[in-house]
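Q: What follows is work30.csv, made up of CSV, C-alpha atoms:
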chain,number,residue,atom,x,y,z
A,1,PRO,CA,181.5,-75.2,72.8
A,2,GLY,CA,178.7,-74.6,70.3
A,3,TYR,CA,177.7,-72.3,67.5
A,4,TYR,CA,174.9,-72.1,65.0
A,5,ASP,CA,174.1,-74.2,61.9
A,6,THR,CA,173.9,-77.7,63.2
A,7,ASN,CA,173.2,-78.9,59.6
A,8,THR,CA,176.8,-78.3,58.5
A,9,ILE,CA,178.7,-78.7,61.8
A,10,ASN,CA,178.4,-82.3,63.0
A,11,ASN,CA,180.9,-82.5,65.8
A,12,GLU,CA,182.6,-80.3,68.4
A,13,SER,CA,186.0,-80.4,66.9
A,14,ASP,CA,184.8,-79.3,63.4
A,15,HIS,CA,182.7,-76.7,65.1
A,16,HIS,CA,185.6,-75.1,67.0
A,17,ASN,CA,188.1,-75.4,64.2
A,18,LEU,CA,185.7,-73.4,62.0
A,19,LEU,CA,185.8,-70.6,64.6
A,20,ALA,CA,189.4,-70.7,65.3
A,21,GLY,CA,190.4,-67.8,63.1
A,22,LYS,CA,192.8,-65.0,64.0
A,23,GLY,CA,191.8,-61.5,65.0
A,24,GLY,CA,189.5,-60.2,67.7
A,25,LYS,CA,190.0,-57.5,70.3
A,26,GLU,CA,193.2,-56.2,71.6
A,27,THR,CA,194.7,-58.2,74.4
A,28,ASP,CA,195.1,-56.8,77.9
A,29,SER,CA,198.4,-58.4,79.0
A,30,SER,CA,197.7,-57.9,82.7
A,31,ALA,CA,194.9,-60.5,82.5
A,32,SER,CA,196.2,-63.0,80.0
A,33,ASP,CA,199.9,-63.7,80.4
A,34,GLY,CA,199.6,-66.4,83.0
A,35,LYS,CA,203.1,-67.5,82.2
A,36,ASN,CA,204.4,-64.6,84.2
A,37,HIS,CA,202.7,-65.7,87.3
A,38,LYS,CA,203.5,-68.5,89.7
A,39,ASN,CA,201.3,-71.5,89.6
A,40,ASN,CA,198.7,-72.0,92.3
A,41,VAL,CA,198.9,-68.7,94.2
A,42,LEU,CA,195.5,-69.6,95.5
A,43,GLY,CA,195.3,-68.5,99.2
A,44,THR,CA,194.0,-71.0,101.7
A,45,HIS,CA,190.7,-72.7,102.3
A,46,GLU,CA,189.5,-73.8,105.7
A,47,LYS,CA,188.9,-77.5,105.8
A,48,ASP,CA,187.6,-79.6,108.7
A,49,ASP,CA,190.3,-81.5,110.4
A,50,ASP,CA,188.5,-84.8,109.8
A,51,ASP,CA,188.4,-84.3,106.0
A,52,TYR,CA,190.8,-86.3,103.9
A,53,TYR,CA,191.2,-86.7,100.2
A,54,LEU,CA,192.7,-89.4,97.9
A,55,ASN,CA,196.5,-89.6,97.8
A,56,ASP,CA,197.9,-87.1,95.2
A,57,ASN,CA,199.5,-90.0,93.4
A,58,ALA,CA,196.4,-92.1,93.2
A,59,PRO,CA,194.3,-92.1,90.0
A,60,PRO,CA,190.9,-90.3,90.2
A,61,GLN,CA,188.2,-92.6,91.4
A,62,VAL,CA,185.3,-93.0,89.0
A,63,GLY,CA,181.8,-93.0,90.6
A,64,LYS,CA,183.1,-93.0,94.2
A,65,SER,CA,182.5,-90.1,96.6
A,66,ILE,CA,185.3,-88.5,98.6
A,67,LYS,CA,185.6,-90.3,102.0
A,68,LYS,CA,185.2,-88.1,105.0
A,69,LYS,CA,185.4,-89.2,108.6
A,70,ASN,CA,182.2,-88.7,110.6
A,71,LYS,CA,180.9,-86.5,107.8
A,72,SER,CA,178.7,-87.1,104.8
A,73,HIS,CA,177.5,-85.1,101.8
A,74,THR,CA,174.0,-83.9,102.4
A,75,THR,CA,171.7,-83.1,99.5
A,76,PRO,CA,168.0,-82.1,99.6
A,77,THR,CA,165.5,-84.7,98.8
A,78,SER,CA,161.7,-85.0,98.8
A,79,LYS,CA,162.0,-85.8,102.5
A,80,GLY,CA,164.2,-82.9,103.5
A,81,GLY,CA,165.7,-79.6,102.3
A,82,ASN,CA,163.1,-77.8,100.1
A,83,PRO,CA,159.7,-79.1,101.2
A,84,ASN,CA,158.4,-78.4,97.7
A,85,TYR,CA,161.2,-80.5,96.1
A,86,LYS,CA,159.8,-82.7,93.3
A,87,LYS,CA,161.4,-84.5,90.4
A,88,VAL,CA,160.8,-82.8,87.0
A,89,THR,CA,161.0,-84.4,83.6
A,90,LYS,CA,161.2,-82.9,80.1
A,91,GLN,CA,157.7,-84.4,79.4
A,92,ASP,CA,156.3,-82.0,82.1
A,93,GLY,CA,156.8,-79.1,79.7
A,94,LYS,CA,157.4,-75.6,80.9
A,95,MET,CA,158.3,-75.9,84.6
A,96,TYR,CA,159.8,-72.5,85.3
A,97,GLU,CA,158.6,-68.9,85.8
A,98,THR,CA,160.1,-65.7,84.4
A,99,VAL,CA,161.0,-63.2,87.2
A,100,GLY,CA,160.9,-59.5,86.3
A,101,ASP,CA,161.8,-58.1,82.9
A,102,VAL,CA,164.1,-59.6,80.3
A,103,ILE,CA,167.7,-58.2,80.9
A,104,TYR,CA,170.1,-56.9,78.3
A,105,HIS,CA,172.9,-59.2,77.2
A,106,ASP,CA,175.7,-58.3,74.8
A,107,LYS,CA,175.0,-60.2,71.6
A,108,ASP,CA,178.8,-60.3,70.9
A,109,HIS,CA,179.4,-62.4,74.0
A,110,PHE,CA,180.0,-66.0,73.4
A,111,THR,CA,179.0,-67.1,76.9
A,112,GLN,CA,180.9,-69.9,78.4
A,113,GLY,CA,180.6,-69.2,82.1
A,114,LEU,CA,178.2,-67.1,84.2
A,115,THR,CA,178.8,-66.6,87.9
A,116,TYR,CA,177.3,-64.4,90.7
A,117,SER,CA,178.3,-63.5,94.3
A,118,LYS,CA,175.6,-62.8,96.8
A,119,ASP,CA,178.3,-61.4,99.2
A,120,SER,CA,179.5,-58.6,96.8
A,121,ASN,CA,176.4,-58.5,94.4
A,122,ARG,CA,178.7,-59.0,91.4
A,123,LEU,CA,178.0,-60.9,88.2
A,124,TYR,CA,180.7,-62.1,85.9
A,125,GLU,CA,180.9,-63.7,82.5
A,126,SER,CA,183.5,-65.7,80.7
A,127,ASN,CA,183.3,-65.4,76.9
A,128,GLY,CA,184.9,-67.7,74.4
A,129,LEU,CA,186.2,-67.9,70.8
A,130,TYR,CA,189.8,-67.6,69.8
A,131,GLY,CA,190.8,-64.0,69.5
A,132,GLN,CA,187.7,-62.9,71.3
A,133,SER,CA,187.9,-64.5,74.7
A,134,SER,CA,187.4,-62.3,77.7
A,135,VAL,CA,186.5,-62.0,81.4
A,136,CYS,CA,183.7,-59.5,82.1
A,137,ARG,CA,182.1,-58.0,85.1
A,138,LEU,CA,178.4,-57.2,84.4
A,139,GLU,CA,175.9,-55.0,86.2
A,140,PRO,CA,173.5,-57.6,87.8
A,141,SER,CA,170.4,-55.5,87.3
A,142,THR,CA,170.9,-54.4,83.7
A,143,GLY,CA,173.4,-56.9,82.2
A,144,GLU,CA,175.6,-54.1,80.9
A,145,SER,CA,179.3,-54.7,80.9
A,146,ILE,CA,181.2,-52.8,83.6
A,147,LYS,CA,184.7,-54.0,82.7
A,148,CYS,CA,186.1,-56.6,80.4
A,149,ILE,CA,189.7,-58.0,80.2
A,150,HIS,CA,190.6,-59.6,77.0
A,151,MET,CA,192.8,-62.7,76.8
A,152,ASP,CA,195.7,-63.8,74.6
A,153,HIS,CA,194.5,-65.0,71.2
A,154,GLU,CA,195.8,-68.5,72.0
A,155,TYR,CA,193.1,-69.1,74.6
A,156,PHE,CA,189.5,-70.1,74.1
A,157,ALA,CA,187.9,-69.2,77.4
A,158,GLU,CA,185.4,-71.6,78.9
A,159,GLY,CA,183.7,-72.0,82.4
A,160,MET,CA,184.3,-69.6,85.3
A,161,GLN,CA,183.3,-69.5,88.9
A,162,ILE,CA,183.6,-67.0,91.7
A,163,TYR,CA,184.7,-68.3,95.1
A,164,LYS,CA,185.9,-67.3,98.5
A,165,THR,CA,189.4,-67.8,99.9
A,166,LYS,CA,191.6,-66.4,102.6
A,167,ASN,CA,194.8,-64.5,101.9
A,168,ASN,CA,196.8,-63.7,105.0
A,169,GLU,CA,193.7,-64.4,107.1
A,170,ILE,CA,191.7,-61.9,105.1
A,171,GLU,CA,188.7,-63.3,103.2
A,172,GLU,CA,188.5,-62.3,99.6
A,173,GLU,CA,186.8,-63.3,96.4
A,174,ARG,CA,188.5,-64.7,93.4
A,175,LEU,CA,187.5,-66.0,90.0
A,176,ILE,CA,188.7,-69.3,88.6
A,177,GLN,CA,188.5,-70.0,84.8
A,178,VAL,CA,189.4,-72.9,82.5
A,179,THR,CA,190.2,-72.8,78.8
A,180,TRP,CA,189.0,-75.2,76.1
A,181,LYS,CA,192.0,-77.2,74.8
A,182,ASN,CA,195.1,-75.7,76.4
A,183,ARG,CA,194.5,-77.5,79.7
A,184,MET,CA,195.2,-74.1,81.2
A,185,GLY,CA,193.3,-72.3,83.9
A,186,PHE,CA,193.6,-68.9,85.5
A,187,ILE,CA,192.9,-67.3,88.8
A,188,TYR,CA,191.7,-63.7,88.9
A,189,ASP,CA,191.3,-61.0,91.5
A,190,ALA,CA,187.5,-60.5,91.6
A,191,ASP,CA,187.9,-56.8,92.3
A,192,THR,CA,190.4,-55.8,89.6
A,193,LEU,CA,190.2,-58.8,87.2
A,194,ASP,CA,194.0,-58.9,87.4
A,195,THR,CA,195.5,-62.4,86.9
A,196,ILE,CA,196.9,-63.8,90.1
A,197,ALA,CA,198.0,-67.3,88.9
A,198,ASN,CA,197.7,-69.9,86.3
A,199,PHE,CA,197.5,-73.7,86.6
A,200,THR,CA,197.1,-76.8,84.5
A,201,PHE,CA,194.4,-79.4,84.7
A,202,THR,CA,193.4,-82.8,83.3
A,203,SER,CA,190.0,-84.4,82.6
A,204,THR,CA,188.5,-87.3,80.7
A,205,ARG,CA,188.9,-85.4,77.4
A,206,ASN,CA,191.6,-83.0,78.6
A,207,GLU,CA,189.3,-80.1,77.9
A,208,GLY,CA,187.6,-77.5,79.9
A,209,TRP,CA,183.9,-76.7,79.4
A,210,GLY,CA,181.9,-75.8,82.5
A,211,LEU,CA,183.0,-75.0,86.1
A,212,THR,CA,181.3,-74.5,89.5
A,213,VAL,CA,182.1,-74.8,93.2
A,214,ASN,CA,180.8,-76.6,96.2
A,215,GLN,CA,182.4,-74.2,98.8
A,216,ASP,CA,181.2,-76.3,101.8
A,217,ASP,CA,183.1,-79.4,100.6
A,218,HIS,CA,186.0,-77.5,99.2
A,219,GLU,CA,185.6,-78.7,95.6
A,220,PHE,CA,185.5,-77.2,92.2
A,221,ILE,CA,183.4,-79.2,89.7
A,222,LEU,CA,184.5,-79.4,86.1
A,223,SER,CA,182.8,-80.6,82.9
A,224,ASP,CA,184.6,-81.4,79.7
A,225,GLY,CA,181.8,-82.5,77.3
A,226,SER,CA,182.1,-86.1,78.3
A,227,GLU,CA,179.8,-88.1,80.6
A,228,ASN,CA,181.9,-87.3,83.6
A,229,LEU,CA,182.0,-84.5,86.2
A,230,HIS,CA,185.4,-84.0,87.7
A,231,PHE,CA,185.8,-82.9,91.4
A,232,ILE,CA,188.9,-80.9,92.1
A,233,ASP,CA,190.3,-80.0,95.5
A,234,MET,CA,190.1,-76.2,95.9
A,235,GLU,CA,193.5,-76.0,97.6
A,236,THR,CA,195.7,-78.3,95.6
A,237,LEU,CA,193.7,-78.1,92.3
A,238,GLN,CA,194.2,-81.8,92.0
A,239,GLU,CA,191.3,-84.0,90.8
A,240,VAL,CA,190.0,-86.3,93.5
A,241,ARG,CA,187.2,-88.2,91.8
A,242,ARG,CA,185.1,-88.5,88.7
A,243,LEU,CA,181.4,-89.0,88.5
A,244,PRO,CA,179.5,-90.4,85.5
A,245,VAL,CA,176.2,-88.6,84.9
A,246,ILE,CA,173.1,-90.6,84.1
A,247,ARG,CA,170.2,-89.0,82.3
A,248,GLN,CA,166.6,-89.9,83.2
A,249,THR,CA,166.5,-92.2,80.2
A,250,GLY,CA,169.1,-94.4,81.9
A,251,MET,CA,171.7,-93.4,79.3
A,252,GLN,CA,175.0,-91.7,80.1
A,253,ALA,CA,174.9,-87.9,79.6
A,254,ARG,CA,176.9,-86.3,76.8
A,255,ASN,CA,178.0,-82.7,76.2
A,256,ILE,CA,177.6,-81.4,79.7
A,257,ASN,CA,178.4,-77.8,79.5
A,258,GLU,CA,178.0,-74.8,81.9
A,259,LEU,CA,177.5,-75.6,85.6
A,260,GLU,CA,176.0,-74.1,88.7
A,261,TYR,CA,175.9,-75.5,92.3
A,262,TYR,CA,172.8,-74.9,94.2
A,263,ASN,CA,171.2,-76.3,97.3
A,264,GLY,CA,173.2,-79.5,97.2
A,265,LYS,CA,172.6,-80.2,93.5
A,266,ILE,CA,174.6,-79.5,90.3
A,267,LEU,CA,172.7,-77.7,87.6
A,268,ALA,CA,174.0,-78.1,84.0
A,269,ASN,CA,173.4,-76.9,80.5
A,270,VAL,CA,173.9,-79.4,77.7
A,271,TRP,CA,175.5,-78.4,74.4
A,272,TYR,CA,172.9,-78.2,71.6
A,273,GLU,CA,170.0,-79.2,73.9
A,274,ASP,CA,167.6,-76.7,75.5
A,275,VAL,CA,167.5,-78.3,78.9
A,276,ILE,CA,168.8,-77.8,82.4
A,277,LEU,CA,169.8,-81.0,84.2
A,278,VAL,CA,169.7,-81.2,88.0
A,279,ILE,CA,172.4,-83.7,89.0
A,280,ASP,CA,172.9,-85.5,92.3
A,281,PRO,CA,176.6,-85.0,93.2
A,282,ILE,CA,176.8,-88.4,94.9
A,283,THR,CA,175.0,-90.8,92.5
A,284,GLY,CA,175.4,-88.8,89.3
A,285,LYS,CA,171.7,-89.4,88.4
A,286,CYS,CA,169.7,-86.6,87.0
A,287,ASP,CA,167.0,-86.0,89.5
A,288,SER,CA,165.2,-83.5,87.3
A,289,GLU,CA,165.5,-82.3,83.6
A,290,TYR,CA,163.9,-79.0,82.8
A,291,ASP,CA,162.7,-78.4,79.2
A,292,MET,CA,163.8,-74.9,78.2
A,293,SER,CA,162.8,-75.1,74.5
A,294,MET,CA,160.1,-72.5,74.9
A,295,LEU,CA,162.3,-69.9,76.6
A,296,TRP,CA,163.7,-68.5,73.4
A,297,PRO,CA,162.8,-71.1,70.7
A,298,VAL,CA,165.6,-72.1,68.3
A,299,GLN,CA,163.6,-71.0,65.3
A,300,GLU,CA,163.3,-67.5,66.7
A,301,ARG,CA,166.8,-67.0,67.8
A,302,ARG,CA,168.3,-68.4,64.6
A,303,LYS,CA,166.8,-65.3,62.9
A,304,GLN,CA,169.3,-63.2,65.0
A,305,ARG,CA,172.1,-65.7,64.6
A,306,ALA,CA,172.0,-66.4,68.3
A,307,ASP,CA,173.5,-69.6,69.4
A,308,VAL,CA,172.8,-72.3,72.0
A,309,LEU,CA,171.5,-72.0,75.6
A,310,ASN,CA,174.5,-71.7,77.9
A,311,GLY,CA,175.0,-69.7,81.0
A,312,ILE,CA,173.4,-70.4,84.4
A,313,SER,CA,174.0,-68.7,87.7
A,314,ILE,CA,172.4,-68.0,91.0
A,315,SER,CA,171.2,-64.5,91.7
A,316,LYS,CA,170.6,-62.4,94.9
A,317,ASP,CA,167.1,-64.0,95.2
A,318,ASP,CA,167.0,-67.5,96.5
A,319,GLY,CA,165.9,-70.0,93.9
A,320,VAL,CA,166.1,-67.4,91.0
A,321,PHE,CA,168.7,-68.0,88.3
A,322,TYR,CA,170.3,-65.9,85.6
A,323,ILE,CA,169.9,-67.8,82.3
A,324,THR,CA,171.4,-66.8,78.9
A,325,GLY,CA,173.1,-68.2,75.8
A,326,LYS,CA,176.0,-67.7,73.4
A,327,LYS,CA,175.5,-64.6,71.3
A,328,TRP,CA,172.1,-63.9,72.9
A,329,ASP,CA,170.9,-60.3,73.1
A,330,ARG,CA,169.0,-61.1,76.3
A,331,MET,CA,169.3,-62.6,79.7
A,332,TYR,CA,166.5,-64.0,81.8
A,333,LYS,CA,165.9,-64.4,85.5
A,334,LEU,CA,164.0,-67.7,86.1
A,335,LYS,CA,162.6,-69.6,89.0
A,336,LEU,CA,162.7,-73.4,88.4
A,337,LYS,CA,159.6,-75.0,89.9
A,338,HIS,CA,160.0,-77.7,92.6
A,339,LEU,CA,163.8,-77.2,92.9
Would you write out, as structure tokens, the structure that this file holds?

A:
Amino acid sequence: PGYYDTNTINNESDHHNLLAGKGGKETDSSASDGKNHKNNVLGTHEKDDDDYYLNDNAPPQVGKSIKKKNKSHTTPTSKGGNPNYKKVTKQDGKMYETVGDVIYHDKDHFTQGLTYSKDSNRLYESNGLYGQSSVCRLEPSTGESIKCIHMDHEYFAEGMQIYKTKNNEIEEERLIQVTWKNRMGFIYDADTLDTIANFTFTSTRNEGWGLTVNQDDHEFILSDGSENLHFIDMETLQEVRRLPVIRQTGMQARNINELEYYNGKILANVWYEDVILVIDPITGKCDSEYDMSMLWPVQERRKQRADVLNGISISKDDGVFYITGKKWDRMYKLKLKHL
């Protein structure tokens, strides 16, 4: 979600409806026609024998963690994990460092998801807008597009995540992507970008915004612009819990957008706010909030009709993240201090 001119576009629905015109690039049917694929052709995921999830027929639990026998979620704190871990607030100002040179980013890409694999050294991007949605593989060092597959015009692409699975005991990488209002998601082969399967999902608002994965706990994590994060079993693609997110002000979060999972925390962009939230996946509290307003200030990027900050992903370097935005002509590599 999101586009320029906040003075005339006051809510998300108006905003998207304004952009929902026809046209765009030609569709590559091999990547878009999910109706021709069986649902949930997902491979298998290794789970601990002592793991168990909520009954498929039970409603998602709000604010409760998944129960696990003899096992608990572990997240880094000031007493463990990163010894330099420290809470950051927006009032702390610039709490990040730029790593290397600014990287090229296609200014026509309406970035909705950014995801990187250390195993294969591949960077992928999901780009939105009706008639222009696509899945792209990017060169990690230059940001140049290596290959893009364009989606059917009925889909507005949103968050996307690379993940590992096993297919006939062979480990492989796949991409999972959600769409905005269709309640439809797609699974892609990470090598070819061919569509493997499609699936449906639900959420608080029945929309898809951001998506990431906690591979260790076998969960995808979905945002939909509401205050909730939705935790989805990787194997069944069924939601198992919802978690309200609380900002450092004590208020519930709104407009949670692109997501990344790192070192036991969920990092999140927020629609129309230059900030990165660091969310505890058990409590939902924002441990840190990084002010990103000076990265590429709004006043400067508006001159190039660049849109909101959106797009965060790990990189090959520990603690260094790819950061970009919708219709930005640049991508940064940043190290967030005290994370």

Q: CA of Tyr322 (chain A) and CA of Asp191 (chain A) are how many Å apart?

A: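 Between CA of Tyr322 (chain A) and CA of Asp191 (chain A) the gap works out to 20.9 Å.
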
Q: Applying 10 Å and only C-alpha atoms, which residues near Leu138 (chain A) remain after dropping the ones on its own chain fewer than 5 positions away? List them as a ChimeraX atom specification.

A: /A:105,114,116,122-125,143-148

Q: Set out as a tab-separated table a contact list for region 170-272 of chain A and region 128-136 of chain A with a cut-off of 10 Å, giving each residue of region 170-272 of chain A that qualifies its closest atom pair and distance in Å to one decimal, counting only C-alpha atoms, ordered by chain and rising residue number.

A:
residue	atom	partner	partner_atom	distance
A:Leu175	CA	A:Val135	CA	9.5
A:Gln177	CA	A:Val135	CA	8.9
A:Thr179	CA	A:Gly128	CA	8.6
A:Trp180	CA	A:Gly128	CA	8.7
A:Tyr188	CA	A:Val135	CA	9.3
A:Leu193	CA	A:Val135	CA	7.6

Q: If you count all atoms listed in the file, which residues fall within 6 Å of region 97-104 of chain A, apart from same-chain ones fewer than 4 positions away, as a list in words?

A: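 Counting only the stated atoms, we get Thr142, Gly143, Arg330, Met331, Tyr332, Lys333, Leu334 and Lys335 of chain A.
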
Q: Of the candidates A:Lys303, A:Arg137, A:Arg205, A:His150, which shows the shortest atom-to-atom distance to Ala190 (chain A), using all atoms listed in the file?

A: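 That would be A:Arg137, the residue with the smallest distance to Ala190 (chain A).
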
Q: Sorted by chain and rising residue number, list the residues of region 179-240 of chain A at most 12 Å from region 310-318 of chain A (counting only C-alpha atoms), each with its closest atom pair and distance in Å to one decimal, as JSON lines.

A:
{"residue": "A:Trp209", "atom": "CA", "partner": "A:Asn310", "partner_atom": "CA", "distance": 10.8}
{"residue": "A:Gly210", "atom": "CA", "partner": "A:Gly311", "partner_atom": "CA", "distance": 9.3}
{"residue": "A:Leu211", "atom": "CA", "partner": "A:Ile312", "partner_atom": "CA", "distance": 10.8}
{"residue": "A:Thr212", "atom": "CA", "partner": "A:Ser313", "partner_atom": "CA", "distance": 9.5}
{"residue": "A:Val213", "atom": "CA", "partner": "A:Ser313", "partner_atom": "CA", "distance": 11.5}

Q: Mind pulling up the distance from CA of Asp329 (chain A) to CA of Val308 (chain A)?

A: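 Separation between CA of Val308 (chain A) and CA of Asp329 (chain A): 12.2 Å.
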
Q: Find, counting all atoms listed in the file, the residue in A:Asp274, A:Asp194, A:Asp280, A:Glu258 that gets nearest to Pro297 (chain A).

A: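 Nearest to Pro297 (chain A): A:Asp274.
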
Q: Which residue, A:Ile187, A:Met294, A:Cys286, A:Ala306, has the smallest gap to Ile162 (chain A) when you use all atoms listed in the file?

A: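 Of A:Ile187, A:Met294, A:Cys286, A:Ala306, the one nearest Ile162 (chain A) is A:Ile187, counting all atoms listed in the file.
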
Q: Separation of CA of Val88 (chain A) and CA of Gln248 (chain A), in Å?

A: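 That distance, rounded to one decimal, is 9.9 Å.
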
Q: For a quick check of understanding, using all atoms listed in the file, which of A:Glu219, A:Asp224, A:Glu158, A:Glu260 has the smallest distance to Val240 (chain A)?

A: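 Checking each candidate against Val240 (chain A), we get A:Glu219 as the closest.
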
Q: For Asn214 (chain A), find every residue with an atom within 9 Å (counting only C-alpha atoms), except residues of its own chain fewer than 5 positions away, and show them as a list in words.

A: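 Those residues are Glu219, Phe220, Ile221, Tyr261, Tyr262 and Gly264 of chain A.
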
Q: Between A:Glu227, A:Glu239, A:Glu300, A:Asp291, which has the minimum distance to Thr200 (chain A) (counting all atoms listed in the file)?

A: A:Glu239

Q: Which residue, A:Ser226, A:Ser288, A:Asn198, A:Thr165, has the smallest gap to Pro244 (chain A) when you use all atoms listed in the file?

A: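 Result for the nearest residue to Pro244 (chain A): A:Ser226.
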